[in-house]
$ cat protein.txt   # compact mmCIF, C-alpha atoms
# COMPACT_ATOMS: atom_id res chain seq x y z
CA MET I 1 204.44 117.43 167.37
CA GLN I 2 201.25 116.93 165.37
CA VAL I 3 199.11 117.53 168.47
CA LEU I 4 201.07 120.72 169.19
CA ALA I 5 200.57 121.93 165.63
CA VAL I 6 196.81 121.36 165.87
CA ALA I 7 196.69 123.21 169.21
CA GLU I 8 198.57 126.17 167.74
CA GLN I 9 196.20 126.24 164.78
CA LEU I 10 193.17 126.30 167.06
CA LEU I 11 194.74 129.11 169.13
CA ASP I 12 195.29 131.17 165.99
CA ARG I 13 191.63 130.71 165.10
CA MET I 14 190.54 131.85 168.55
CA GLU I 15 192.63 134.99 168.26
CA THR I 16 191.05 135.99 164.93
CA TYR I 17 187.39 135.04 165.38
CA LEU I 18 186.46 138.39 166.93
CA GLU I 19 187.83 140.20 163.87
CA THR I 20 185.70 137.99 161.64
CA THR I 21 182.69 138.81 163.81
CA LYS I 22 183.31 142.54 163.39
CA ASN I 23 183.45 142.13 159.62
CA VAL I 24 180.20 140.15 159.52
CA TYR I 25 178.31 142.78 161.49
CA ALA I 26 179.90 145.71 159.70
CA ALA I 27 178.47 144.27 156.49
CA ALA I 28 175.11 143.63 158.17
CA ALA I 29 175.01 147.27 159.29
CA GLU I 30 175.67 148.64 155.82
CA THR I 31 173.28 146.20 154.11
CA PRO I 32 170.59 144.86 156.47
CA ASP I 33 170.53 141.05 156.43
CA VAL I 34 167.02 139.94 157.41
CA GLY I 35 168.02 136.27 157.54
CA LEU I 36 171.13 136.73 159.66
CA CYS I 37 169.29 135.75 162.85
CA CYS I 38 165.80 134.44 163.52
CA THR I 39 164.17 135.92 166.62
CA THR I 40 162.02 133.27 168.29
CA THR I 41 160.09 135.75 170.44
CA PRO I 42 157.31 137.88 168.90
CA VAL I 43 158.22 141.57 168.92
CA TRP I 44 156.67 143.31 171.92
CA ALA I 45 153.76 145.63 171.08
CA PHE I 46 153.23 148.56 173.42
CA PRO I 47 150.81 151.51 173.18
CA ASP I 48 152.22 154.41 171.14
CA LEU I 49 155.35 152.43 170.17
CA GLU I 50 156.09 152.21 166.45
CA ILE I 51 159.20 150.28 165.45
CA PRO I 52 160.68 151.40 162.11
CA LYS I 53 160.97 148.68 159.48
CA ILE I 54 164.73 149.18 159.25
CA MET I 55 165.02 148.26 162.93
CA LEU I 56 162.96 145.11 162.39
CA ASP I 57 165.15 144.17 159.43
CA MET I 58 168.24 144.61 161.63
CA ASN I 59 166.85 142.69 164.59
CA TYR I 60 169.92 140.46 164.92
CA GLY I 61 168.90 138.42 167.95
CA CYS I 62 167.45 135.04 168.86
CA GLY I 63 164.93 136.12 171.53
CA SER I 64 164.01 139.20 173.54
CA THR I 65 165.64 140.89 176.52
CA VAL I 66 162.86 143.45 177.08
CA HIS I 67 160.63 142.41 179.99
CA PRO I 68 158.38 145.08 181.54
CA ARG I 69 158.71 143.70 185.08
CA ASP I 70 162.45 144.38 184.96
CA LEU I 71 161.93 147.98 183.89
CA VAL I 72 160.24 149.76 186.80
CA ASN I 73 161.26 152.90 188.70
CA ASN I 74 163.16 154.62 185.88
CA PRO I 75 166.01 152.11 185.60
CA LYS I 76 169.44 152.81 184.14
CA ILE I 77 169.77 150.27 181.33
CA LEU I 78 172.80 148.94 179.47
CA TYR I 79 172.48 147.07 176.18
CA VAL I 80 175.59 145.52 174.66
CA GLY I 81 175.64 144.88 170.90
CA VAL I 82 173.28 147.57 169.59
CA GLY I 83 172.12 145.95 166.36
CA GLY I 84 169.67 148.19 164.52
CA GLY I 85 168.56 149.80 167.78
CA MET I 86 165.19 148.07 168.20
CA GLU I 87 165.71 146.89 171.78
CA LEU I 88 167.32 150.22 172.68
CA LEU I 89 164.13 151.88 171.49
CA GLN I 90 162.01 149.43 173.48
CA PHE I 91 164.09 150.01 176.60
CA SER I 92 163.75 153.77 176.10
CA TYR I 93 159.98 153.33 176.20
CA PHE I 94 160.35 152.43 179.88
CA SER I 95 163.15 154.89 180.71
CA ARG I 96 162.22 158.18 179.11
CA GLN I 97 165.14 160.23 180.38
CA LYS I 98 168.29 161.63 178.87
CA ASN I 99 170.97 158.93 178.71
CA GLY I 100 168.66 156.54 180.54
CA VAL I 101 169.75 153.77 178.18
CA ILE I 102 173.37 153.08 177.22
CA GLY I 103 174.13 151.21 174.00
CA VAL I 104 177.63 149.76 173.55
CA ASP I 105 179.08 148.23 170.39
CA VAL I 106 182.56 147.70 168.98
CA VAL I 107 181.54 147.97 165.29
CA ASP I 108 181.64 151.54 163.94
CA GLU I 109 179.26 150.79 161.08
CA MET I 110 176.66 149.37 163.48
CA LEU I 111 176.91 152.40 165.75
CA ASP I 112 176.37 154.74 162.79
CA ALA I 113 173.43 152.71 161.48
CA CYS I 114 171.84 152.65 164.92
CA LYS I 115 172.10 156.43 165.28
CA ASN I 116 170.52 156.92 161.85
CA ASN I 117 167.69 154.56 162.76
CA PHE I 118 166.95 156.62 165.87
CA GLN I 119 166.12 159.60 163.68
CA GLU I 120 163.48 157.52 161.91
CA ALA I 121 162.23 156.26 165.29
CA ALA I 122 161.85 159.86 166.48
CA ASN I 123 159.83 160.67 163.35
CA GLN I 124 157.42 157.81 164.10
CA ASN I 125 157.22 158.16 167.90
CA SER I 126 156.35 161.54 169.38
CA TRP I 127 157.49 160.47 172.86
CA PHE I 128 160.98 159.36 171.73
CA ASP I 129 164.05 161.58 171.78
CA PRO I 130 167.39 160.16 170.54
CA SER I 131 169.01 161.77 173.61
CA PHE I 132 167.34 159.01 175.66
CA VAL I 133 170.08 156.68 174.37
CA ASP I 134 173.78 157.19 175.08
CA ILE I 135 175.62 155.39 172.27
CA ARG I 136 179.21 154.43 173.15
CA LYS I 137 181.91 152.57 171.28
CA GLY I 138 183.22 149.85 173.51
CA ASP I 139 184.09 146.21 173.94
CA ALA I 140 181.95 143.73 175.86
CA LEU I 141 185.20 142.42 177.38
CA ASN I 142 186.09 145.87 178.74
CA LEU I 143 182.91 147.89 179.13
CA PRO I 144 183.20 151.70 179.19
CA ILE I 145 180.88 151.80 182.22
CA GLU I 146 181.62 152.60 185.88
CA ASP I 147 181.18 150.00 188.62
CA GLU I 148 177.66 149.39 190.01
CA THR I 149 175.91 152.09 187.98
CA VAL I 150 173.40 150.01 185.97
CA ASP I 151 170.04 148.55 187.06
CA VAL I 152 169.49 146.31 184.04
CA ALA I 153 172.13 145.00 181.64
CA ALA I 154 171.19 143.04 178.53
CA GLN I 155 172.59 141.30 175.46
CA ASN I 156 170.87 139.39 172.68
CA CYS I 157 172.74 136.68 170.79
CA LEU I 158 176.15 138.29 171.37
CA PHE I 159 177.73 136.27 174.18
CA ASN I 160 177.15 133.08 172.18
CA ILE I 161 179.90 134.31 169.85
CA PHE I 162 182.57 134.23 172.56
CA HIS I 163 184.81 131.29 173.34
CA GLU I 164 184.59 130.31 176.99
CA GLU I 165 187.46 132.41 178.36
CA ASP I 166 186.10 135.51 176.64
CA LEU I 167 182.57 134.63 177.78
CA LYS I 168 183.82 134.61 181.38
CA LYS I 169 185.29 138.09 180.87
CA ALA I 170 182.07 139.41 179.35
CA LEU I 171 179.96 138.04 182.19
CA LYS I 172 182.35 139.45 184.80
CA GLU I 173 182.09 142.86 183.13
CA MET I 174 178.29 142.76 183.27
CA TYR I 175 178.43 141.72 186.93
CA ARG I 176 180.85 144.58 187.67
CA VAL I 177 178.67 147.35 186.23
CA LEU I 178 175.39 146.13 187.76
CA LYS I 179 174.13 147.57 191.02
CA PRO I 180 173.38 145.13 193.85
CA ARG I 181 170.11 143.32 192.97
CA GLY I 182 170.61 144.44 189.37
CA ARG I 183 169.47 142.18 186.54
CA LEU I 184 171.40 140.71 183.64
CA VAL I 185 169.01 139.69 180.87
CA LEU I 186 170.38 137.43 178.17
CA SER I 187 169.16 135.68 175.05
CA ASP I 188 171.44 133.11 173.42
CA PRO I 189 171.36 129.86 171.44
CA ILE I 190 172.11 126.66 173.39
CA ALA I 191 172.70 123.05 172.31
CA GLU I 192 172.75 119.91 174.43
CA HIS I 193 174.77 118.10 171.76
CA LYS I 194 178.52 118.63 172.00
CA MET I 195 179.68 120.98 169.26
CA PRO I 196 182.43 119.35 167.14
CA ASP I 197 185.67 121.32 166.76
CA SER I 198 185.02 121.59 163.02
CA LEU I 199 182.11 123.89 163.87
CA LYS I 200 183.28 125.27 167.21
CA PHE I 201 186.34 126.87 165.60
CA ASP I 202 184.62 127.95 162.38
CA GLU I 203 184.96 131.73 162.62
CA ARG I 204 181.99 132.60 160.43
CA LEU I 205 179.62 130.13 162.10
CA ARG I 206 180.79 131.54 165.41
CA ALA I 207 179.95 135.05 164.23
CA LEU I 208 176.51 133.83 163.12
CA CYS I 209 175.78 132.69 166.70
CA LEU I 210 175.55 129.00 165.83
CA SER I 211 178.69 127.09 166.74
CA GLY I 212 179.25 128.68 170.16
CA SER I 213 176.12 127.10 171.62
CA LEU I 214 176.70 125.52 175.05
CA PRO I 215 174.52 123.02 176.93
CA LEU I 216 172.07 124.87 179.17
CA LYS I 217 173.64 123.46 182.36
CA ASP I 218 177.08 124.73 181.33
CA TYR I 219 175.64 128.09 180.27
CA ILE I 220 174.00 128.56 183.68
CA LYS I 221 177.16 127.49 185.49
CA MET I 222 179.16 130.14 183.63
CA ILE I 223 176.67 132.71 184.94
CA THR I 224 176.59 131.52 188.55
CA ASP I 225 180.38 131.08 188.70
CA VAL I 226 180.65 134.84 188.17
CA GLY I 227 178.58 135.38 191.33
CA PHE I 228 174.92 135.74 190.33
CA GLY I 229 172.89 134.23 193.18
CA THR I 230 169.58 133.85 191.31
CA VAL I 231 169.01 132.71 187.74
CA GLU I 232 165.65 132.56 185.96
CA ILE I 233 165.05 130.57 182.76
CA ARG I 234 162.23 132.55 181.23
CA ALA I 235 161.82 130.77 177.90
CA LYS I 236 163.36 128.04 175.75
CA ARG I 237 162.36 127.54 172.12
CA PRO I 238 163.53 125.63 169.02
CA TYR I 239 165.96 127.70 166.95
CA ARG I 240 168.12 125.88 164.35
CA ILE I 241 169.25 122.46 163.15
CA LEU I 242 172.81 121.99 161.90
CA LYS I 243 172.32 119.11 159.46
CA PRO I 244 175.03 116.79 158.07
CA GLY I 245 175.71 117.64 154.45
CA GLN I 246 174.90 121.29 155.11
CA TYR I 247 177.37 121.67 157.96
CA ASP I 248 180.58 119.84 158.86
CA THR I 249 179.03 117.55 161.45
CA PRO I 250 178.53 113.76 161.46
CA GLU I 251 175.07 114.06 163.06
CA ALA I 252 172.34 116.65 163.35
CA ILE I 253 172.72 119.25 166.10
CA PHE I 254 169.52 120.73 167.51
CA ILE I 255 169.87 124.32 168.73
CA GLU I 256 167.42 126.16 170.97
CA SER I 257 167.19 129.79 171.99
CA VAL I 258 166.98 130.55 175.69
CA GLU I 259 165.99 133.71 177.56
CA VAL I 260 167.62 134.09 180.97
CA CYS I 261 167.62 136.66 183.76
CA ALA I 262 170.50 136.55 186.26
CA ILE I 263 170.05 138.63 189.40
CA LYS I 264 172.98 140.07 191.34
CA ASP I 265 171.73 138.63 194.61
CA PRO I 266 174.12 137.49 197.35
CA MET I 267 175.14 133.89 196.74
CA PRO I 268 173.26 131.55 199.16
CA GLU I 269 175.43 129.34 201.33
CA ASP I 270 174.00 126.23 199.67
CA GLY I 271 174.51 127.53 196.14
CA PRO I 272 172.55 129.58 193.61
CA CYS I 273 168.80 129.49 193.15
CA VAL I 274 168.11 128.47 189.56
CA PHE I 275 164.51 128.56 188.35
CA THR I 276 163.78 126.32 185.37
CA GLY I 277 160.01 126.44 185.60
CA ARG I 278 159.40 123.81 188.26
CA THR I 279 156.31 123.88 190.48
CA ALA I 280 155.41 122.20 193.78
CA ILE I 281 151.86 121.41 194.95
CA TYR I 282 150.86 120.11 198.39
CA THR I 283 147.85 117.75 198.32
CA GLY I 284 147.68 116.76 202.00
CA GLN I 285 144.96 117.42 204.58
CA GLU I 286 146.99 119.69 206.85
CA GLU I 287 146.63 123.48 206.84
CA CYS I 288 149.97 123.74 205.07
CA PHE I 289 153.32 122.07 204.58
CA ASP I 290 156.35 123.90 206.01
CA ASP I 291 159.83 122.60 205.18
CA HIS I 292 161.30 124.95 207.82
CA LYS I 293 163.63 126.36 205.18
CA GLY I 294 161.42 129.29 204.24
CA HIS I 295 159.03 127.40 201.95
CA VAL I 296 155.37 127.01 202.89
CA LEU I 297 153.03 125.07 200.62
CA LEU I 298 149.28 125.67 200.95
CA PRO I 299 146.91 122.88 199.89
CA ASN I 300 146.53 122.72 196.12
CA GLN I 301 148.19 126.12 195.67
CA PRO I 302 151.01 125.86 193.10
CA LEU I 303 154.32 127.40 194.11
CA SER I 304 157.16 127.98 191.68
CA VAL I 305 160.32 126.51 193.14
CA CYS I 306 163.96 126.68 192.19
CA ASP I 307 165.72 123.46 191.20
CA LYS I 308 167.44 123.29 194.58
CA THR I 309 164.15 123.42 196.51
CA ALA I 310 162.53 121.02 194.04
CA GLY I 311 165.29 118.50 194.69
CA ASN I 312 164.93 118.85 198.46
CA LEU I 313 161.16 118.32 198.28
CA GLU I 314 161.51 115.28 196.03
CA ALA I 315 164.02 113.78 198.46
CA LEU I 316 161.30 113.72 201.15
CA ASN I 317 159.41 111.05 199.19
CA ASP I 318 156.18 112.51 200.56
CA GLU I 319 153.15 111.29 198.60
CA ASN I 320 151.38 114.56 199.43
CA ILE I 321 153.96 116.69 197.61
CA TRP I 322 153.99 116.77 193.80
CA VAL I 323 156.89 118.43 192.00
CA SER I 324 156.79 119.12 188.28
CA PRO I 325 159.68 118.61 185.87
CA SER I 326 161.37 121.69 184.36
CA THR I 327 159.17 123.56 181.90
CA TYR I 328 161.90 126.13 181.11
CA PHE I 329 159.35 128.88 181.51
CA TYR I 330 159.46 131.05 184.62
CA ASP I 331 157.83 134.42 185.13
CA GLY I 332 158.44 135.24 188.78
CA GLY I 333 156.62 134.57 192.04
CA GLY I 334 158.95 131.81 193.12
CA CYS I 335 160.01 130.34 196.44
CA CYS I 336 163.18 132.34 196.97

$ encode --input "protein.txt" --output "structure tokens"
Amino acid sequence: MQVLAVAEQLLDRMETYLETTKNVYAAAAETPDVGLCCTTTPVWAFPDLEIPKIMLDMNYGCGSTVHPRDLVNNPKILYVGVGGGMELLQFSYFSRQKNGVIGVDVVDEMLDACKNNFQEAANQNSWFDPSFVDIRKGDALNLPIEDETVDVAAQNCLFNIFHEEDLKKALKEMYRVLKPRGRLVLSDPIAEHKMPDSLKFDERLRALCLSGSLPLKDYIKMITDVGFGTVEIRAKRPYRILKPGQYDTPEAIFIESVEVCAIKDPMPEDGPCVFTGRTAIYTGQEECFDDHKGHVLLPNQPLSVCDKTAGNLEALNDENIWVSPSTYFYDGGGCC
């Protein structure tokens, strides 16, 4: 009976944590909270782009989801969890068309603050028109977007809030709205240390994007289980430490922020291609090394390889093939 009572208590917490999250961000919209999150990525600087201070103060993320190489050929962009509008403004820089960027949020106060910030952005940027951004009220678990209509979908430090069943729903929704070969760009905290239930079910810590941190391997598996055939780990940086005495944990928990791009490629028969920043170099005397699986290594020419290919090359035990460990930095040009 005691176990049942504890389970029921945890279920009640899970059902109310999203309401707590709304309240936290409603307050952060009305009174900007500079310390709410700590973005680990320097803010992009582009020619003729001025970011209003209010947007910087409301930059409630842990990394960046704006990568120029994702944003070619006038893409249709979706950003979920609008914050102060900074990344919406940055996305608009690359998609200067009416309703080229869609911003979705469930918090009315945040939507209103974002719209107000766009007026200031228009005052500071002659190229920007608020009509570039289509602001919609909506839930990440049930996006108000039609199937396969978006080229790039992004979220920054939002999905970390969700418990795993809700995270699956949110990822499935992003997969649904993306066009084939579309890109899902994410930034979230991760932690290799198992999160104790005392923190995992703390509604406010959950809302602050701390206690929902998953191990990177589990985080990637959640993404590939939805169907994304290619995953890129673009960056991984130190983020927070949950210290005993300050948090309800018996030992320190180290949290990192990770930037990931998941591509809606067809799933390979032998499983997804996950790039974690590994590189292969052939040092032999032959003209090249060909594994007859689509990978050709030229002498002393580094080739970025996915973890699957790296494992296959290591299994050859060939002294002429060197394979690096994961650097957790990948910027394209890989084997697949």

$ residues_around --input "protein.txt" --residues "Ile255 of chain I" --least-positions-apart "6" --cutoff "7 Å" --atoms "only C-alpha atoms" --output "compact mmCIF listing (two decimals) with C-alpha atoms, keeping the file's coordinate frame"
# COMPACT_ATOMS: atom_id res chain seq x y z
CA PRO I 189 171.36 129.86 171.44
CA ILE I 190 172.11 126.66 173.39
CA ALA I 191 172.70 123.05 172.31
CA PRO I 238 163.53 125.63 169.02
CA TYR I 239 165.96 127.70 166.95
CA ARG I 240 168.12 125.88 164.35
CA ILE I 241 169.25 122.46 163.15

$ residues_around --input "protein.txt" --residues "Asn73 of chain I" --least-positions-apart "4" --cutoff "12 Å" --atoms "only C-alpha atoms" --output "list in words"
Pro68, Arg69, Ile77, Phe94, Ser95, Arg96, Gln97, Gly100, Asp151 and Val152 of chain I

$ residues_near_point --input "protein.txt" --point "(187.0, 141.6, 181.5)" --cutoff "9 Å" --atoms "all atoms listed in the file" --output "CSV table (one decimal) with C-alpha atoms, keeping the file's coordinate frame"
chain,number,residue,atom,x,y,z
I,140,ALA,CA,182.0,143.7,175.9
I,141,LEU,CA,185.2,142.4,177.4
I,142,ASN,CA,186.1,145.9,178.7
I,143,LEU,CA,182.9,147.9,179.1
I,166,ASP,CA,186.1,135.5,176.6
I,168,LYS,CA,183.8,134.6,181.4
I,169,LYS,CA,185.3,138.1,180.9
I,170,ALA,CA,182.1,139.4,179.4
I,171,LEU,CA,180.0,138.0,182.2
I,172,LYS,CA,182.4,139.4,184.8
I,173,GLU,CA,182.1,142.9,183.1
I,174,MET,CA,178.3,142.8,183.3

$ closest_residue --input "protein.txt" --among "I:Ile253, I:Ile54, I:Ile161, I:Cys335" --to "Arg204 of chain I" --atoms "all atoms listed in the file"
I:Ile161

$ closest_residue --input "protein.txt" --among "I:Asp225, I:Asp112, I:Asp270, I:Glu192" --to "Ser213 of chain I" --atoms "only C-alpha atoms"
I:Glu192

$ closest_residue --input "protein.txt" --among "I:Ser198, I:Val274, I:Val231, I:Leu214" --to "Phe254 of chain I" --atoms "only C-alpha atoms"
I:Leu214

$ atom_distance --input "protein.txt" --atom1 "atom CA of Arg181 of chain I" --atom2 "atom CA of Pro266 of chain I"
8.3 Å

$ atom_distance --input "protein.txt" --atom1 "atom CA of Asn125 of chain I" --atom2 "atom CA of Asn99 of chain I"
17.5 Å

$ closest_residue --input "protein.txt" --among "I:Glu259, I:Glu109, I:Glu287, I:Asp147" --to "Glu232 of chain I" --atoms "only C-alpha atoms"
I:Glu259

$ atom_distance --input "protein.txt" --atom1 "atom CA of Asp134 of chain I" --atom2 "atom CA of Gly227 of chain I"
27.6 Å

$ residues_near_point --input "protein.txt" --point "(171.7, 156.8, 181.2)" --cutoff "12 Å" --atoms "only C-alpha atoms" --output "ChimeraX atom specification"
/I:74-79,88,91-92,95-104,130-136,145-146,149-153
